[in-house]
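Structure first, commentary second.
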Amino acid sequence: MTLEEYRELAAKTTGKQKASKYHAQKVGGHHSKKEHCRSSELELMQRAGLISELREQVRYELIPAQMDAAGRLVERACAYVADFVYRDKDGKLVVEDTKGVRTKEYIIKRKLMLKVHGIRIKET
């Protein structure tokens with residue numbers, strides 16, 4: 001391969017990102033177009049006074065980190081990151097996840113959220 005051929009090849013591949021596992025496209029700082037649209041809807045709902053305290057990417061610890069007798073890390077903590085958390089018009093806390101594909105890992109974490117924190121995740 002000549003230097004010129006290499007530069008042409010590099011120019012063709014530069015700027016392309018690897019496709020995500022489930023083909024979601026990042027949009028406006030969100031993990032998918034669907035999540036971005038839902039974020040916009042929730043922001044409008046908050047401005048209209050229908051919801052309050054809107055937060056994004058909220059972390060919930062499901063299983064704490066495990067340490068050995070010497071205090072060294074044996075297992076890292078397991079956490080769930082909610083796409084959106086807000087209070088509805090009645091003041092009830094809503095934890096929402098915008099799902100395209102319900103993976104086995106997500107289903108386990110959804111069950112742990114209910115068991116550990118008593119929170120049922122709203123899926124949109």
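As shown in the structure tokens, the chain order sets the letters A, B, ...; within each chain, residues go from 1, and ligands are also counted from 1 in the order they appear.
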- request: Skip Thr124 (chain A) itself and residues of its chain fewer than 5 positions away, then list as a ChimeraX atom specification all residues within 7 Å of it, counting only C-alpha atoms.
  value: /A:97-99
Requested write-out: all heavy atoms of the selected residues, as a PDB file, in the first residue's frame:
```pdb
ATOM      1  N   ASP A  97     -37.460   4.704  32.393  1.00  0.00           N
ATOM      2  CA  ASP A  97     -36.411   4.229  31.494  1.00  0.00           C
ATOM      3  C   ASP A  97     -36.981   4.152  30.087  1.00  0.00           C
ATOM      4  O   ASP A  97     -38.043   3.583  29.876  1.00  0.00           O
ATOM      5  CB  ASP A  97     -35.914   2.855  31.937  1.00  0.00           C
ATOM      6  CG  ASP A  97     -34.537   2.553  31.400  1.00  0.00           C
ATOM      7  OD1 ASP A  97     -34.418   2.325  30.185  1.00  0.00           O
ATOM      8  OD2 ASP A  97     -33.573   2.543  32.182  1.00  0.00           O
ATOM      9  N   THR A  98     -36.276   4.748  29.131  1.00  0.00           N
ATOM     10  CA  THR A  98     -36.685   4.706  27.733  1.00  0.00           C
ATOM     11  C   THR A  98     -36.024   3.489  27.117  1.00  0.00           C
ATOM     12  O   THR A  98     -34.808   3.456  26.968  1.00  0.00           O
ATOM     13  CB  THR A  98     -36.262   5.990  26.998  1.00  0.00           C
ATOM     14  OG1 THR A  98     -36.787   7.099  27.720  1.00  0.00           O
ATOM     15  CG2 THR A  98     -36.783   6.005  25.584  1.00  0.00           C
ATOM     16  N   LYS A  99     -36.808   2.494  26.794  1.00  0.00           N
ATOM     17  CA  LYS A  99     -36.259   1.221  26.337  1.00  0.00           C
ATOM     18  C   LYS A  99     -36.539   0.979  24.872  1.00  0.00           C
ATOM     19  O   LYS A  99     -37.623   1.192  24.387  1.00  0.00           O
ATOM     20  CB  LYS A  99     -36.875   0.064  27.132  1.00  0.00           C
ATOM     21  CG  LYS A  99     -36.235  -0.128  28.466  1.00  0.00           C
ATOM     22  CD  LYS A  99     -35.005  -0.896  28.274  1.00  0.00           C
ATOM     23  CE  LYS A  99     -33.857  -0.761  29.102  1.00  0.00           C
ATOM     24  NZ  LYS A  99     -32.671  -0.179  28.808  1.00  0.00           N
TER      25      LYS A  99
END
```
Region 7-117 of chain A: residues DSSP assigns to strand (DSSP E), reported as a PDB file with N, CA and C atoms, in the first residue's frame:
```pdb
ATOM      1  N   SER A  52     -42.355  17.831  38.206  1.00  0.00           N
ATOM      2  CA  SER A  52     -41.341  18.685  38.829  1.00  0.00           C
ATOM      3  C   SER A  52     -40.104  17.860  39.158  1.00  0.00           C
ATOM      4  N   GLU A  53     -39.024  18.550  39.525  1.00  0.00           N
ATOM      5  CA  GLU A  53     -37.771  17.927  39.958  1.00  0.00           C
ATOM      6  C   GLU A  53     -37.209  16.942  38.931  1.00  0.00           C
ATOM      7  N   LEU A  54     -37.286  17.282  37.660  1.00  0.00           N
ATOM      8  CA  LEU A  54     -36.792  16.409  36.592  1.00  0.00           C
ATOM      9  C   LEU A  54     -35.270  16.294  36.659  1.00  0.00           C
ATOM     10  N   ARG A  55     -34.781  15.062  36.701  1.00  0.00           N
ATOM     11  CA  ARG A  55     -33.344  14.781  36.678  1.00  0.00           C
ATOM     12  C   ARG A  55     -33.094  13.680  35.653  1.00  0.00           C
ATOM     13  N   GLU A  56     -31.895  13.682  35.084  1.00  0.00           N
ATOM     14  CA  GLU A  56     -31.529  12.658  34.098  1.00  0.00           C
ATOM     15  C   GLU A  56     -30.316  11.870  34.575  1.00  0.00           C
ATOM     16  N   GLN A  57     -30.250  10.618  34.149  1.00  0.00           N
ATOM     17  CA  GLN A  57     -29.133   9.718  34.430  1.00  0.00           C
ATOM     18  C   GLN A  57     -28.849   9.634  35.931  1.00  0.00           C
ATOM     19  N   VAL A  58     -29.860   9.213  36.697  1.00  0.00           N
ATOM     20  CA  VAL A  58     -29.765   9.094  38.151  1.00  0.00           C
ATOM     21  C   VAL A  58     -29.334   7.674  38.506  1.00  0.00           C
ATOM     22  N   ARG A  59     -28.282   7.578  39.319  1.00  0.00           N
ATOM     23  CA  ARG A  59     -27.688   6.289  39.678  1.00  0.00           C
ATOM     24  C   ARG A  59     -28.303   5.757  40.982  1.00  0.00           C
ATOM     25  N   TYR A  60     -28.686   4.475  40.967  1.00  0.00           N
ATOM     26  CA  TYR A  60     -29.186   3.771  42.143  1.00  0.00           C
ATOM     27  C   TYR A  60     -28.293   2.559  42.381  1.00  0.00           C
ATOM     28  N   GLU A  61     -27.756   2.443  43.576  1.00  0.00           N
ATOM     29  CA  GLU A  61     -26.931   1.269  43.901  1.00  0.00           C
ATOM     30  C   GLU A  61     -27.844   0.108  44.249  1.00  0.00           C
ATOM     31  N   LEU A  62     -27.623  -1.031  43.598  1.00  0.00           N
ATOM     32  CA  LEU A  62     -28.450  -2.215  43.816  1.00  0.00           C
ATOM     33  C   LEU A  62     -27.759  -3.213  44.743  1.00  0.00           C
ATOM     34  N   ILE A  63     -26.474  -3.412  44.528  1.00  0.00           N
ATOM     35  CA  ILE A  63     -25.679  -4.308  45.369  1.00  0.00           C
ATOM     36  C   ILE A  63     -24.384  -3.568  45.698  1.00  0.00           C
ATOM     37  N   GLN A  66     -18.199  -5.407  47.353  1.00  0.00           N
ATOM     38  CA  GLN A  66     -17.831  -6.449  48.313  1.00  0.00           C
ATOM     39  C   GLN A  66     -16.331  -6.356  48.587  1.00  0.00           C
ATOM     40  N   MET A  67     -15.970  -6.341  49.862  1.00  0.00           N
ATOM     41  CA  MET A  67     -14.571  -6.246  50.279  1.00  0.00           C
ATOM     42  C   MET A  67     -14.173  -7.517  51.022  1.00  0.00           C
ATOM     43  N   LEU A  73     -11.005  -4.633  47.455  1.00  0.00           N
ATOM     44  CA  LEU A  73     -12.193  -4.821  46.637  1.00  0.00           C
ATOM     45  C   LEU A  73     -12.200  -6.215  46.018  1.00  0.00           C
ATOM     46  N   VAL A  74     -13.287  -6.949  46.243  1.00  0.00           N
ATOM     47  CA  VAL A  74     -13.446  -8.277  45.663  1.00  0.00           C
ATOM     48  C   VAL A  74     -14.423  -8.212  44.491  1.00  0.00           C
ATOM     49  N   GLU A  75     -15.525  -7.507  44.694  1.00  0.00           N
ATOM     50  CA  GLU A  75     -16.537  -7.319  43.661  1.00  0.00           C
ATOM     51  C   GLU A  75     -16.975  -5.860  43.665  1.00  0.00           C
ATOM     52  N   CYS A  78     -22.966  -3.028  42.033  1.00  0.00           N
ATOM     53  CA  CYS A  78     -23.868  -3.149  40.883  1.00  0.00           C
ATOM     54  C   CYS A  78     -24.876  -2.004  40.994  1.00  0.00           C
ATOM     55  N   ALA A  79     -25.025  -1.256  39.913  1.00  0.00           N
ATOM     56  CA  ALA A  79     -25.918  -0.092  39.949  1.00  0.00           C
ATOM     57  C   ALA A  79     -26.821  -0.062  38.726  1.00  0.00           C
ATOM     58  N   TYR A  80     -27.931   0.642  38.885  1.00  0.00           N
ATOM     59  CA  TYR A  80     -28.854   0.899  37.787  1.00  0.00           C
ATOM     60  C   TYR A  80     -28.868   2.402  37.571  1.00  0.00           C
ATOM     61  N   VAL A  81     -28.810   2.843  36.327  1.00  0.00           N
ATOM     62  CA  VAL A  81     -28.868   4.265  36.009  1.00  0.00           C
ATOM     63  C   VAL A  81     -30.185   4.528  35.279  1.00  0.00           C
ATOM     64  N   ALA A  82     -31.051   5.278  35.948  1.00  0.00           N
ATOM     65  CA  ALA A  82     -32.361   5.616  35.376  1.00  0.00           C
ATOM     66  C   ALA A  82     -32.198   6.734  34.359  1.00  0.00           C
ATOM     67  N   ASP A  83     -32.926   6.644  33.263  1.00  0.00           N
ATOM     68  CA  ASP A  83     -32.880   7.708  32.259  1.00  0.00           C
ATOM     69  C   ASP A  83     -33.457   9.003  32.828  1.00  0.00           C
ATOM     70  N   PHE A  84     -34.605   8.902  33.505  1.00  0.00           N
ATOM     71  CA  PHE A  84     -35.280  10.089  34.040  1.00  0.00           C
ATOM     72  C   PHE A  84     -35.882   9.779  35.404  1.00  0.00           C
ATOM     73  N   VAL A  85     -35.813  10.761  36.293  1.00  0.00           N
ATOM     74  CA  VAL A  85     -36.473  10.683  37.592  1.00  0.00           C
ATOM     75  C   VAL A  85     -37.164  12.024  37.795  1.00  0.00           C
ATOM     76  N   TYR A  86     -38.449  11.983  38.200  1.00  0.00           N
ATOM     77  CA  TYR A  86     -39.199  13.214  38.407  1.00  0.00           C
ATOM     78  C   TYR A  86     -40.370  12.940  39.335  1.00  0.00           C
ATOM     79  N   ARG A  87     -41.032  14.008  39.743  1.00  0.00           N
ATOM     80  CA  ARG A  87     -42.246  13.889  40.558  1.00  0.00           C
ATOM     81  C   ARG A  87     -43.430  14.269  39.688  1.00  0.00           C
ATOM     82  N   LEU A  93     -42.890  10.003  43.232  1.00  0.00           N
ATOM     83  CA  LEU A  93     -41.617   9.827  42.536  1.00  0.00           C
ATOM     84  C   LEU A  93     -41.791   8.844  41.384  1.00  0.00           C
ATOM     85  N   VAL A  94     -41.331   9.225  40.195  1.00  0.00           N
ATOM     86  CA  VAL A  94     -41.403   8.372  39.011  1.00  0.00           C
ATOM     87  C   VAL A  94     -39.982   8.144  38.508  1.00  0.00           C
ATOM     88  N   VAL A  95     -39.612   6.874  38.368  1.00  0.00           N
ATOM     89  CA  VAL A  95     -38.324   6.492  37.785  1.00  0.00           C
ATOM     90  C   VAL A  95     -38.651   5.901  36.425  1.00  0.00           C
ATOM     91  N   GLU A  96     -38.098   6.505  35.383  1.00  0.00           N
ATOM     92  CA  GLU A  96     -38.481   6.134  34.019  1.00  0.00           C
ATOM     93  C   GLU A  96     -37.265   5.718  33.204  1.00  0.00           C
ATOM     94  N   ASP A  97     -37.460   4.704  32.393  1.00  0.00           N
ATOM     95  CA  ASP A  97     -36.411   4.229  31.494  1.00  0.00           C
ATOM     96  C   ASP A  97     -36.981   4.152  30.087  1.00  0.00           C
TER      97      ASP A  97
END
```
- prompt: A:Gly91, A:His36, A:Ala10, A:Lys26: which is nearest Gly49 (chain A), counting only C-alpha atoms?
  reply: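 Closest candidate: A:Gly91.
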